[in-house]
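Asker: Handing you a structure now.
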Amino acid sequence: MACTGTDATLLEGLVVNADLIRDLGRPDRHDAAAAALVTLGAVGVEQLVREVMDAESPVDWRPITAVLGQIGDAGFEGLLQGLVSASTEESRKRVGFAFARLGVAVLDRYAAALAHPVPLVRRQAVRGIEHCGEAGRSAAALVPLLGDPDQEVARQAQDTLIRTGGEHVIPLLRRVRERGAGRQRARALTVLAELGGEAALSRADTAAIERLIRIKLPEDRPEPLWACWNHWMAVPGGDQAGIMRTLGLSNPRPVTFALGNDIVDGDGCDTDEHTGYERVFVTPELAGWTLVLGAWCDPHGQERREDVLRLCTELSGRYGRAQAYYYGGQGDSSAWLVAEHGTVIRRYGEPGEAEDELLTIGEPLPYERTRRTELGLHPDWDAAQESEDDEDEWRWTAHDLAPDIARSLGAAIPLDLAADTPSRGTGVIALTTYGVAHGVPAGAYRI
């Protein structure tokens with residue numbers, strides 16, 4: 001069947017468009033091709049969107065998206081339809097990236113798309129608003145999505161408000177907590193806590209959280225305490241109040257194990273505006289030991305090591321023994337400090353930093369000697385006399401050694417706690433002098 005004149009013209013136009021799209025990927029032709037495609041306007045949108053969705057396309061989706069953004073409403077609508085019609089996970093992913101990056105010029109279209117019946121469109125519209133940096137300006141439209149029936153959409157709205165909503169969103173979220181729809185209220189509380197911490201919460205919300213903690217505490221059982229960077233002190237006995245006095249801690253507040261762990265883990269990661277030393281989790285007595293957890297307990301880092309040395313010395317003078325440990329969550333480094341009866345008998349670390357050996361105090365502990373013997377190394381060593389291979393072998397072994405050192409000394413270990421670990425008392429979050437002076441990070445945590 002012969003092509004009509006109209007068909008031939010259309011076919012020729014498609015070929016031209018395809019060539020222009022390919023030219024977007026060529027630096028020497030990009031500008032001219034982009035200008036030509038923008039001039040074509042809505043005529044070329046369908047082909048551009050198909051190219052974005054094609055995982056085999058040799059052209060990156062970014063310059064195509066830039067062209068669609070310059071085309072305007074027709075480009076936006078084309079990508080929206082691509083989101084609705086995409087049949088594979090890969091094509092949905094690619095068109096979603098493009099749709100969410102059309103820029104602030106289509107901010108109003110993103111806001112309107114928050115009501116689209118397809119959840120994927122709503123979710124990508126939220127991402128588009130975030131990429132515009134306008135979540136605060138669009139907060140009134142985003143907040144209803146905290147109660148979206150699709151949990152991915154609700155979570156996207158929550159995370160976007162946390163990342164870019166800003167403190168001026170807090171009054172709006174407080175109103176949601178007071179009289180908003182039920183499905184919005186829980187996530188609104190999470191956003192409030194992340195944006196402003198306890199200070200952002202109403203007295204009613206604070207009282208409700210404290211009441212929930214009191215309800216959970218009688219049934220709360222020990223659980224493994226694990227963070228990206230694990231720092232802790234271990235003191236024999238259950239004199240929680242006396243240990244806190246010796247350490248200069250204040251304002252203790254009862255917490256569950258999950259809440260205590262979440263707080264110190266979050267504080268250790270959130271160091272942009274805070275030191276990470278503001279709070280510690282002081283456990284109840286666990287198998288005959290009280291643990292103090294948090295970056296403030298670091299026995300080896302430059303900021304805290306001398307203070308931790310002094311504090312462990314004082315604790316051991318009062319309680320007979322005191323220890324401090326650091327263990328990297330990926331087994332990348334370890335450090336330990338052991339004091340007895342007012343004297344430090346050992347400090348050693350292998351964080352892989354220059355001049356670590358200058359921080360070493362005392363002779364190797366029995367377990368250190370045992371491990372070296374098992375490795376075929378001399379149990380007592382002088383780093384200056386070690387062969388390079390022996391030194392490397394010991395260093396790699398010592399990176400994982402802090403928990404084993406603690407076990408060898410009979411101390412309770414955060415990583416080993418379980419529901420059947422003997423427990424007496426209630427754990428608390430307490431402020432250090434850093435926390436008293438500078439306040440604490442905002443955050444939402446598990447109870």
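In the structure tokens, each chain is lettered A, B, ... as it comes, each chain's residues begin at 1, and ligands are numbered from 1 in order of appearance.
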Extract, using only C-alpha atoms, all DNA, RNA and protein residues at most 8 Å from Val282 in chain A, discarding same-chain residues fewer than 3 positions from it, and format them as a list in words.

Answerer: Gln240, Thr290, Leu291, Val292, Leu293, Gly427, Val428, Ile429 and Ala430 of chain A

Asker: Using only C-alpha atoms, which residues sit within 10 Å of Pro218 in chain A once same-chain residues fewer than 4 positions away are excluded, as a list in words?

Answerer: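 Within the cut-off, the hits are Ile213, Arg214, Thr256, Gly425 and Thr426 of chain A.
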
Asker: For a quick check of understanding, using only C-alpha atoms, which of A:Tyr110, A:Trp381, A:Tyr326, A:Tyr367 has the smallest distance to Gly410 in chain A?

Answerer: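 When distances to Gly410 in chain A are compared using only C-alpha atoms, the smallest one comes from A:Tyr367.
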
Asker: Counting only C-alpha atoms, what is within 9 Å of Ile129 in chain A, bar same-chain residues fewer than 3 positions away, as JSON, numbers by chain?

Answerer: {"A": [100, 101, 103, 104, 107, 110, 111, 124, 125, 126, 132, 133, 134, 135, 138, 160]}

Asker: Fewer than 6 positions away in the same chain doesn't count, so skip those; otherwise give me all residues within 12 Å of Leu142 in chain A, counting only C-alpha atoms, as a ChimeraX atom specification.

Answerer: /A:110-115,122-123,125-130,134-136,148,153-162,164-165,169,172-173,184,187-188
